[in-house]
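The file entry.txt contains compact mmCIF, C-alpha atoms and all ligand atoms:
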# COMPACT_ATOMS: atom_id res chain seq x y z
CA MET B 1 5.27 -0.64 18.73
CA PHE B 2 7.52 -3.70 19.08
CA ALA B 3 7.33 -6.82 21.21
CA SER B 4 10.02 -7.01 23.90
CA PHE B 5 11.49 -9.95 25.87
CA LYS B 6 11.01 -8.56 29.39
CA SER B 7 12.00 -11.44 31.65
CA ILE B 8 12.98 -15.08 31.99
CA GLY B 9 12.37 -17.78 34.62
CA SER B 10 12.77 -21.52 34.91
CA TYR B 11 12.14 -24.50 37.13
CA ILE B 12 14.18 -27.68 37.23
CA PRO B 13 12.90 -30.68 39.21
CA SER B 14 15.30 -31.82 41.94
CA LYS B 15 15.43 -35.54 41.07
CA THR B 16 18.25 -36.51 38.69
CA LEU B 17 18.78 -39.39 36.26
CA THR B 18 22.44 -39.83 35.33
CA ASN B 19 23.99 -41.92 32.57
CA LYS B 20 25.17 -44.34 35.26
CA ASP B 21 21.55 -44.69 36.50
CA LEU B 22 20.48 -45.48 32.91
CA GLU B 23 23.17 -48.18 32.61
CA ALA B 24 21.18 -50.08 35.25
CA ILE B 25 17.90 -49.68 33.32
CA VAL B 26 18.75 -50.35 29.64
CA ASP B 27 21.63 -51.76 27.57
CA THR B 28 23.67 -48.57 27.28
CA THR B 29 26.87 -46.97 28.57
CA ASP B 30 27.86 -43.60 29.95
CA GLU B 31 30.50 -43.47 27.19
CA TRP B 32 27.98 -44.08 24.34
CA ILE B 33 25.55 -41.46 25.62
CA LEU B 34 28.28 -38.84 26.16
CA GLN B 35 29.93 -39.44 22.79
CA ARG B 36 26.73 -39.53 20.72
CA THR B 37 24.75 -36.81 22.50
CA GLY B 38 26.86 -34.86 25.02
CA ILE B 39 24.25 -35.65 27.70
CA ALA B 40 25.51 -36.58 31.19
CA ASN B 41 22.39 -35.99 33.30
CA ARG B 42 18.72 -35.08 33.15
CA HIS B 43 16.15 -33.99 35.76
CA ILE B 44 12.95 -35.95 36.30
CA ALA B 45 9.74 -34.62 37.87
CA HIS B 46 8.38 -36.35 40.95
CA GLU B 47 5.39 -38.62 40.44
CA ASP B 48 3.03 -36.09 42.01
CA GLU B 49 4.43 -33.16 39.95
CA SER B 50 2.67 -32.51 36.64
CA THR B 51 3.65 -30.23 33.77
CA SER B 52 1.53 -27.37 35.18
CA ASP B 53 3.45 -27.55 38.49
CA LEU B 54 6.76 -27.11 36.66
CA ALA B 55 5.26 -24.40 34.42
CA TYR B 56 3.77 -22.51 37.38
CA LYS B 57 7.11 -22.24 39.17
CA ALA B 58 8.92 -21.02 36.05
CA ALA B 59 6.11 -18.56 35.26
CA LYS B 60 6.05 -17.15 38.80
CA GLN B 61 9.76 -16.36 38.58
CA ALA B 62 9.42 -14.76 35.13
CA ILE B 63 6.52 -12.56 36.30
CA GLN B 64 8.43 -11.48 39.44
CA ARG B 65 11.46 -10.52 37.33
CA SER B 66 9.28 -8.57 34.87
CA GLY B 67 8.18 -6.23 37.65
CA LEU B 68 4.55 -6.73 36.64
CA GLU B 69 1.63 -7.74 38.85
CA VAL B 70 -0.03 -11.01 37.85
CA ASP B 71 -3.23 -9.24 36.82
CA GLU B 72 -1.28 -7.28 34.17
CA ILE B 73 -0.76 -10.52 32.21
CA ASP B 74 -3.49 -10.65 29.57
CA ALA B 75 -2.50 -13.80 27.66
CA ILE B 76 -0.85 -17.11 28.59
CA ILE B 77 0.52 -19.48 25.95
CA CYS B 78 1.88 -22.82 27.10
CA ALA B 79 3.94 -24.84 24.62
CA THR B 80 3.96 -28.49 25.62
CA ILE B 81 3.61 -32.02 24.26
CA THR B 82 2.97 -33.35 27.77
CA PRO B 83 -0.09 -31.39 28.95
CA ASP B 84 -1.65 -32.19 32.34
CA TYR B 85 -4.75 -33.47 30.58
CA PHE B 86 -4.96 -35.17 27.21
CA CYS B 87 -7.74 -33.00 25.69
CA MET B 88 -8.90 -30.36 28.17
CA PRO B 89 -8.50 -28.18 30.10
CA SER B 90 -5.36 -26.68 28.63
CA THR B 91 -2.25 -26.59 30.82
CA ALA B 92 -2.24 -22.78 30.32
CA CYS B 93 -5.65 -22.56 32.05
CA VAL B 94 -4.40 -24.70 34.96
CA VAL B 95 -1.30 -22.48 35.29
CA ALA B 96 -3.47 -19.33 35.16
CA ASP B 97 -5.47 -20.67 38.10
CA LYS B 98 -2.31 -21.52 40.07
CA LEU B 99 -0.97 -18.00 39.46
CA GLY B 100 -4.31 -16.41 40.40
CA ILE B 101 -4.76 -14.88 36.93
CA LYS B 102 -8.38 -14.51 35.88
CA TYR B 103 -9.83 -13.65 32.45
CA ALA B 104 -6.58 -13.85 30.44
CA THR B 105 -6.64 -15.51 27.00
CA SER B 106 -5.07 -18.89 27.83
CA PHE B 107 -4.25 -21.77 25.53
CA ASP B 108 -1.69 -24.46 24.74
CA ILE B 109 0.20 -24.94 21.51
CA SER B 110 1.64 -28.14 20.08
CA ALA B 111 4.84 -27.61 18.11
CA ALA B 112 7.04 -30.07 20.04
CA CYS B 113 10.61 -28.82 20.58
CA SER B 114 9.87 -25.69 18.51
CA GLY B 115 7.01 -24.74 20.84
CA PHE B 116 8.76 -21.90 22.68
CA VAL B 117 9.83 -20.14 19.47
CA TYR B 118 6.32 -20.64 18.02
CA ALA B 119 4.80 -19.20 21.24
CA LEU B 120 7.18 -16.23 21.06
CA ASN B 121 6.00 -15.60 17.51
CA ILE B 122 2.34 -15.58 18.58
CA ALA B 123 3.15 -13.28 21.51
CA LYS B 124 4.97 -10.91 19.12
CA ALA B 125 1.91 -10.83 16.84
CA PHE B 126 -0.46 -10.27 19.78
CA ILE B 127 1.57 -7.33 21.05
CA GLU B 128 2.49 -5.68 17.76
CA SER B 129 -1.16 -5.82 16.61
CA GLY B 130 -2.21 -4.12 19.87
CA LEU B 131 -4.42 -7.07 20.85
CA LYS B 132 -2.51 -7.83 24.09
CA LYS B 133 -0.17 -5.90 26.43
CA ASN B 134 1.77 -8.54 28.37
CA VAL B 135 1.96 -12.16 27.25
CA LEU B 136 3.32 -14.96 29.44
CA ILE B 137 4.87 -17.68 27.29
CA ILE B 138 5.85 -21.03 28.76
CA GLY B 139 7.71 -24.10 27.51
CA ALA B 140 7.10 -26.94 29.97
CA GLU B 141 7.49 -30.68 29.72
CA LYS B 142 7.19 -33.80 31.84
CA LEU B 143 8.67 -35.95 29.08
CA SER B 144 9.30 -38.76 31.56
CA SER B 145 5.52 -39.40 31.31
CA ILE B 146 5.79 -40.35 27.59
CA VAL B 147 9.29 -41.85 27.48
CA ASP B 148 9.60 -45.65 27.24
CA TYR B 149 12.29 -46.60 29.76
CA ASN B 150 12.72 -49.93 27.93
CA ASP B 151 13.77 -48.17 24.71
CA ARG B 152 17.47 -47.23 24.86
CA THR B 153 17.26 -45.24 21.62
CA THR B 154 15.02 -42.59 23.25
CA CYS B 155 15.09 -42.88 27.04
CA VAL B 156 18.69 -41.66 27.34
CA LEU B 157 17.83 -38.39 25.58
CA PHE B 158 14.98 -36.72 27.41
CA GLY B 159 14.43 -34.85 30.69
CA ASP B 160 11.80 -32.71 32.44
CA GLY B 161 11.72 -28.99 33.19
CA ALA B 162 10.10 -25.64 32.42
CA GLY B 163 11.01 -22.15 31.29
CA ALA B 164 8.88 -19.04 30.94
CA ALA B 165 9.15 -15.48 29.69
CA VAL B 166 7.08 -12.32 29.80
CA ILE B 167 6.75 -10.52 26.48
CA GLY B 168 5.70 -6.86 26.70
CA ALA B 169 5.89 -3.82 24.45
CA THR B 170 8.58 -1.26 23.61
CA GLU B 171 8.96 1.69 21.25
CA ASP B 172 12.68 0.99 20.94
CA LYS B 173 13.71 -1.43 18.17
CA SER B 174 17.05 -2.10 19.88
CA LYS B 175 15.06 -3.69 22.75
CA SER B 176 12.70 -5.69 20.55
CA VAL B 177 11.97 -9.22 19.44
CA LEU B 178 13.55 -8.34 16.11
CA ASP B 179 12.45 -11.19 13.84
CA ILE B 180 11.17 -14.76 13.95
CA HIS B 181 10.93 -17.53 11.37
CA THR B 182 8.72 -20.56 12.03
CA SER B 183 8.29 -23.43 9.56
CA SER B 184 7.09 -27.02 9.29
CA ASP B 185 6.96 -30.01 6.97
CA GLY B 186 4.31 -32.61 7.79
CA ALA B 187 5.82 -35.03 5.25
CA TYR B 188 8.18 -36.02 8.10
CA GLN B 189 5.40 -36.52 10.68
CA ASP B 190 6.62 -40.04 11.56
CA PHE B 191 10.17 -38.93 12.45
CA LEU B 192 9.03 -37.96 15.97
CA ILE B 193 5.67 -39.35 16.99
CA THR B 194 3.53 -40.66 19.86
CA PRO B 195 1.37 -42.97 17.72
CA GLY B 196 -1.34 -43.92 20.24
CA GLY B 197 -3.96 -42.14 22.31
CA GLY B 198 -5.21 -39.67 19.67
CA SER B 199 -8.26 -39.91 17.40
CA LYS B 200 -6.33 -42.02 14.87
CA THR B 201 -5.53 -44.76 17.41
CA PRO B 202 -7.65 -44.09 20.50
CA CYS B 203 -6.64 -45.37 23.91
CA SER B 204 -7.34 -49.09 24.25
CA THR B 205 -5.79 -52.09 25.97
CA GLN B 206 -4.34 -53.17 22.63
CA MET B 207 -2.81 -49.72 22.05
CA ILE B 208 -1.20 -49.87 25.52
CA SER B 209 0.03 -53.45 25.03
CA GLU B 210 1.81 -52.29 21.86
CA ASN B 211 3.42 -49.36 23.77
CA LEU B 212 1.99 -46.84 21.29
CA GLN B 213 1.50 -44.21 24.01
CA TYR B 214 5.26 -43.64 24.09
CA LEU B 215 7.42 -41.24 22.10
CA LYS B 216 9.18 -42.82 19.07
CA MET B 217 11.94 -41.21 17.04
CA LYS B 218 13.85 -41.91 13.84
CA GLY B 219 16.95 -40.46 15.44
CA ASN B 220 19.52 -40.69 12.70
CA GLU B 221 17.21 -39.34 9.96
CA THR B 222 16.10 -36.49 12.27
CA PHE B 223 19.72 -35.67 13.07
CA LYS B 224 20.72 -35.20 9.42
CA LEU B 225 17.69 -33.07 8.57
CA ALA B 226 18.18 -30.95 11.70
CA VAL B 227 21.76 -29.93 10.87
CA ASN B 228 21.00 -28.89 7.28
CA THR B 229 17.65 -27.24 7.95
CA LEU B 230 18.84 -25.25 10.96
CA THR B 231 21.98 -24.02 9.22
CA LYS B 232 19.94 -22.70 6.26
CA ASP B 233 17.26 -21.20 8.51
CA VAL B 234 19.75 -19.31 10.66
CA GLN B 235 21.68 -18.08 7.60
CA SER B 236 18.42 -16.81 6.14
CA ILE B 237 17.22 -14.89 9.24
CA LEU B 238 20.65 -13.26 9.66
CA LYS B 239 20.80 -12.23 6.00
CA LYS B 240 17.23 -10.87 6.04
CA ASN B 241 18.20 -8.59 8.95
CA ASN B 242 21.59 -7.58 7.48
CA LEU B 243 23.40 -9.25 10.37
CA THR B 244 26.21 -11.80 10.69
CA SER B 245 27.17 -14.17 13.50
CA GLU B 246 29.52 -11.41 14.73
CA ASN B 247 26.52 -9.21 15.61
CA VAL B 248 24.99 -11.93 17.79
CA ASP B 249 25.96 -12.03 21.48
CA TYR B 250 24.62 -15.53 22.24
CA PHE B 251 23.56 -18.40 19.97
CA ILE B 252 20.96 -20.30 22.02
CA PRO B 253 19.90 -23.46 20.17
CA HIS B 254 17.43 -26.18 21.14
CA GLN B 255 19.39 -28.61 23.31
CA ALA B 256 18.78 -31.99 21.63
CA ASN B 257 22.29 -33.20 20.94
CA TYR B 258 25.72 -31.59 21.37
CA ARG B 259 26.78 -32.88 17.93
CA ILE B 260 23.90 -31.06 16.18
CA ILE B 261 24.70 -27.81 18.03
CA ASP B 262 28.42 -28.15 17.31
CA ALA B 263 27.84 -28.88 13.59
CA VAL B 264 25.48 -25.91 13.14
CA GLY B 265 27.72 -23.65 15.24
CA ARG B 266 30.77 -24.51 13.09
CA LYS B 267 28.93 -23.98 9.80
CA LEU B 268 27.76 -20.59 11.04
CA LYS B 269 31.23 -19.73 12.43
CA PHE B 270 30.08 -19.04 15.99
CA PRO B 271 32.99 -18.97 18.46
CA LYS B 272 32.51 -21.49 21.30
CA GLU B 273 32.09 -18.76 23.95
CA LYS B 274 28.97 -17.47 22.15
CA ILE B 275 27.22 -20.87 22.08
CA VAL B 276 24.93 -21.56 25.02
CA LEU B 277 25.11 -25.24 26.06
CA THR B 278 23.01 -26.92 28.74
CA VAL B 279 22.40 -30.30 27.08
CA ALA B 280 24.93 -32.06 29.35
CA LYS B 281 22.98 -31.07 32.49
CA TYR B 282 19.36 -31.35 31.38
CA GLY B 283 19.22 -33.51 28.22
CA ASN B 284 16.49 -32.70 25.72
CA THR B 285 13.54 -30.99 27.44
CA SER B 286 11.65 -30.21 24.20
CA ALA B 287 9.70 -26.92 24.45
CA ALA B 288 11.42 -26.08 27.76
CA SER B 289 14.96 -26.36 26.46
CA ILE B 290 15.48 -22.86 25.04
CA PRO B 291 13.96 -20.88 27.95
CA MET B 292 15.83 -23.09 30.45
CA ALA B 293 19.06 -22.33 28.57
CA ILE B 294 18.33 -18.58 28.48
CA ASN B 295 17.68 -18.67 32.23
CA ASP B 296 20.93 -20.53 32.92
CA TRP B 297 22.96 -17.91 31.05
CA TYR B 298 21.09 -15.08 32.78
CA GLU B 299 21.66 -16.59 36.24
CA LYS B 300 25.34 -17.21 35.43
CA GLY B 301 25.59 -13.45 34.87
CA ASP B 302 26.63 -13.76 31.21
CA LEU B 303 23.38 -12.71 29.52
CA LYS B 304 22.64 -9.03 30.09
CA SER B 305 19.94 -6.58 29.04
CA GLY B 306 20.71 -5.37 25.51
CA ASP B 307 22.36 -8.63 24.38
CA LEU B 308 21.19 -10.00 21.03
CA MET B 309 20.16 -13.67 21.27
CA LEU B 310 19.82 -15.94 18.25
CA LEU B 311 17.45 -18.81 19.06
CA ASP B 312 17.07 -21.86 16.85
CA THR B 313 14.99 -24.98 17.19
CA PHE B 314 13.92 -28.20 15.50
CA GLY B 315 11.39 -30.86 16.52
CA GLY B 316 8.38 -33.08 15.93
CA GLY B 317 6.00 -32.18 13.14
CA LEU B 318 8.55 -31.64 11.77
CA THR B 319 8.72 -28.04 12.95
CA TRP B 320 11.64 -25.62 13.13
CA GLY B 321 12.35 -21.97 13.63
CA SER B 322 14.80 -19.24 14.52
CA ALA B 323 14.51 -15.90 16.25
CA LEU B 324 16.60 -12.76 16.75
CA VAL B 325 15.72 -11.34 20.15
CA TYR B 326 17.18 -8.57 22.30
CA PHE B 327 17.16 -9.62 25.96
CA ASN B 328 15.50 -6.77 27.82
CA GLN B 329 15.19 -7.74 31.47
CA ASP B 330 15.86 -4.89 33.89
CA ASN B 331 15.27 -6.70 37.21
O1 LIG X 1 14.43 -32.69 19.88
C1 LIG X 1 13.88 -33.04 18.65
C2 LIG X 1 14.90 -33.27 17.64
N1 LIG X 1 15.67 -34.43 17.98
C3 LIG X 1 16.87 -34.56 17.52
O2 LIG X 1 17.33 -33.69 16.84
C4 LIG X 1 17.60 -35.86 17.82
C5 LIG X 1 18.38 -36.25 16.62
N2 LIG X 1 19.07 -37.52 16.72
C6 LIG X 1 20.09 -37.79 17.54
O3 LIG X 1 20.41 -37.01 18.41
C7 LIG X 1 20.89 -39.05 17.30
O4 LIG X 1 20.48 -39.63 16.08
C8 LIG X 1 20.78 -40.10 18.42
C9 LIG X 1 21.53 -39.65 19.64
C10 LIG X 1 19.32 -40.34 18.78
C11 LIG X 1 21.40 -41.43 17.98
O5 LIG X 1 22.74 -41.24 17.56
P1 LIG X 1 23.23 -41.83 16.15
O6 LIG X 1 24.66 -41.50 16.05
O7 LIG X 1 22.33 -41.28 15.10
O8 LIG X 1 23.05 -43.38 16.36
P2 LIG X 1 22.18 -44.42 15.53
O9 LIG X 1 20.72 -44.20 15.76
O10 LIG X 1 22.66 -44.45 14.11
O11 LIG X 1 22.59 -45.78 16.24
C12 LIG X 1 23.94 -46.28 16.17
C13 LIG X 1 24.04 -47.54 17.01
C14 LIG X 1 22.93 -48.57 16.71
O12 LIG X 1 23.50 -49.85 16.78
P3 LIG X 1 23.91 -50.65 15.45
O13 LIG X 1 22.63 -50.81 14.66
O14 LIG X 1 24.92 -49.80 14.76
O15 LIG X 1 24.45 -51.94 15.99
C15 LIG X 1 21.96 -48.38 17.86
O16 LIG X 1 21.22 -49.56 18.14
O17 LIG X 1 23.90 -47.22 18.41
C16 LIG X 1 22.90 -48.07 19.00
N3 LIG X 1 22.27 -47.36 20.09
C17 LIG X 1 22.74 -47.38 21.36
N4 LIG X 1 23.80 -47.98 21.91
C18 LIG X 1 24.01 -47.78 23.23
C19 LIG X 1 21.16 -46.56 20.04
N5 LIG X 1 20.90 -46.08 21.27
C20 LIG X 1 21.86 -46.56 22.09
C21 LIG X 1 22.13 -46.39 23.46
N6 LIG X 1 23.22 -47.01 23.98
N7 LIG X 1 21.38 -45.63 24.27
Show me this structure written as structure tokens.
Amino acid sequence: MFASFKSIGSYIPSKTLTNKDLEAIVDTTDEWILQRTGIANRHIAHEDESTSDLAYKAAKQAIQRSGLEVDEIDAIICATITPDYFCMPSTACVVADKLGIKYATSFDISAACSGFVYALNIAKAFIESGLKKNVLIIGAEKLSSIVDYNDRTTCVLFGDGAGAAVIGATEDKSKSVLDIHTSSDGAYQDFLITPGGGSKTPCSTQMISENLQYLKMKGNETFKLAVNTLTKDVQSILKKNNLTSENVDYFIPHQANYRIIDAVGRKLKFPKEKIVLTVAKYGNTSAASIPMAINDWYEKGDLKSGDLMLLDTFGGGLTWGSALVYFNQDN
């Protein structure tokens, strides 16, 4: 028995925030943002939309495309760093209620931008151990709720959105979630961090006055580590499975920065037409970025059932991972 990637869905909020809009907010330029990141636009959730609203819409689409009824979903894993509620209930439980799913195992995971690949790994383990039959995995973020729009080094990078997938079972290895690597190194915990609001620095007026509730990033240091770590990780998963970049139909990396994707893509010798790029349209949407990218390529008509996807990701923790996955959506 193998886990199988049965369907994809996504939801993108309608409101946009362009580079020109940002020029009016912080000391930046369209030219700087485009040259350094490849980002031209991002989508921002409305004030009354929370992460679970975005997640629910993506999940509903993924379930519809899987051909399953909602009550056939027996686990829901939501990867997010912007949950509806700080401690509880989990966003996965809120989404379960919105979908009308009762009694499923539902929980959130915190692995920042690597969250979707981590969730996929847990879903694979659930299914291949026989513990669960159909797992809904979600990457959803309202990053605009933790971005400091006075900090030009971060606010130009991030956007909101959600993606979801249904992971079921197959007997056919050529339709499976073939392999996944997930890793971390907590020595770099301060590279991407929201310092305030947790048990270390609980919420207080002083914490708020120091802006510690917002996301902080050591961008340049993160950039250099990302390129080297991802290149090695992808080389290792390909080698372990006796594959090369030629066997992969689509390289679908985390969409943080065009320059990171381009550098890794060149080192791994992926031709441009195999590299999935959505960073210009959506910016960095953390855990949502990979499923949103998969959905874009599916809706464009490029990604078809049977295609081998190579996912790779890098984010706060630090965490990273890669996955070789056959896309297996029939509807
Ligand atoms: O998703 C999780 C993983 N995240 C990542 O992988 C992100 C990795 N990092 C990056 O993508 C890039 O490091 C950034 C896009 C964040 C920054 O690009 P960079 O080429 O590393 O720039 P830098 O941080 O070295 O800054 C260069 C200059 C600085 O000015 P000085 O000190 O040289 O005078 C910054 O103050 O650019 C300045 N700068 C800006 N200028 C205009 C920083 N942000 C901006 C801005 N507009 N928005």
Could you tell me how far atom CA of Leu17 of chain B sits from atom C17 of ligand LIG 1 (chain X), in Å to one decimal place?
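Separation between atom C17 of ligand LIG 1 (chain X) and atom CA of Leu17 of chain B: 17.4 Å.
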Of the listed residues B:Glu23, B:Asp148, B:Asp190, B:Asp302, that which approaches Thr222 of chain B most closely, counting all atoms listed in the file:
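Using all atoms listed in the file, the shortest distance to Thr222 of chain B belongs to B:Asp190.
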Step by step, measure atom-to-atom distances between ligand LIG 1 (chain X) and each residue using all atoms listed in the file, keep those at most 8 Å, then write them as number ranges by chain.
B: 26-29, 32-33, 36-37, 112-113, 152-157, 192, 217-224, 226, 254-257, 259-260, 284-286, 314-316
Hey, can I get the axis-aligned box for segment 171-186 of chain B? All listed atoms, 4 Å padding on each side, centre and edge lengths in Å to one decimal, as JSON.
{"center_x": 10.7, "center_y": -15.5, "center_z": 14.9, "size_x": 20.7, "size_y": 42.3, "size_z": 23.8}
Which distance in Å separates atom CA of Val166 of chain B and atom CA of Ser66 of chain B, to one decimal?
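A separation of 6.7 Å between them.
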Up to 9 Å from (8.9, -22.4, 24.6) in the file's coordinates: name the residues, counting only C-alpha atoms, as a list in words.
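Collected hits near the coordinates: Ile77, Cys78, Ala79, Thr80, Cys113, Ser114, Gly115, Phe116, Val117, Tyr118, Ala119, Leu120, Ile137, Ile138, Gly139, Ala140, Ala162, Gly163, Ala164, Ala165, Ser286, Ala287, Ala288, Ser289, Ile290 and Pro291 of chain B.
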Best match for closeness to Asp53 of chain B among B:Lys142, B:Leu22, B:Gly186, B:Ser110, counting only C-alpha atoms
B:Lys142
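Distances from B:Ile237, B:Ala62, B:Leu303, B:Leu131 to Ala169 of chain B were compared using all atoms listed in the file, and the smallest one belongs to B:Leu131.
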Near Ile180 of chain B, counting only C-alpha atoms, which residues have an atom at most 7 Å away, once you skip same-chain residues fewer than 2 positions from it, shown as a VMD selection string?
chain B and resid 121 182 322 to 324
Separation of atom CA of Asn241 of chain B and atom CA of Thr319 of chain B, in Å?
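About the pair atom CA of Asn241 of chain B and atom CA of Thr319 of chain B: they are 22.0 Å apart.
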Would you mind telling me which residue in B:Leu54, B:Ile25, B:Ala104, B:Ala92 lies nearest to Leu143 of chain B when using all atoms listed in the file?
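Of B:Leu54, B:Ile25, B:Ala104, B:Ala92, the one nearest Leu143 of chain B is B:Leu54, counting all atoms listed in the file.
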Residues near segment 270-282 of chain B, anyone? I mean within 10 Å using all atoms listed in the file, not counting same-chain ones fewer than 5 positions away, as a PyMOL selection string.
chain B and resi 12+16-18+34+37-44+157-161+244-246+248-258+261-262+264-265+289-290+292-294+296-297+309-311
Please determine, counting only C-alpha atoms, which residue among B:Leu99, B:Ile127, B:Leu268, B:Ile109 has the shortest atom-to-atom distance to Pro83 of chain B.
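Between B:Leu99, B:Ile127, B:Leu268, B:Ile109, the residue approaching Pro83 of chain B most closely is B:Ile109.
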Between B:Trp320, B:Tyr149, B:Tyr103, B:Tyr188, which one has atoms that come closest to Glu72 of chain B, using all atoms listed in the file?
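Result for the nearest residue to Glu72 of chain B: B:Tyr103.
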For the point (-2.5, -45.5, 27.0) in the file's frame, write as number ranges by chain all residues with an atom no more than 12 Å away, counting all atoms listed in the file.
B: 86, 145-146, 194-198, 201-215
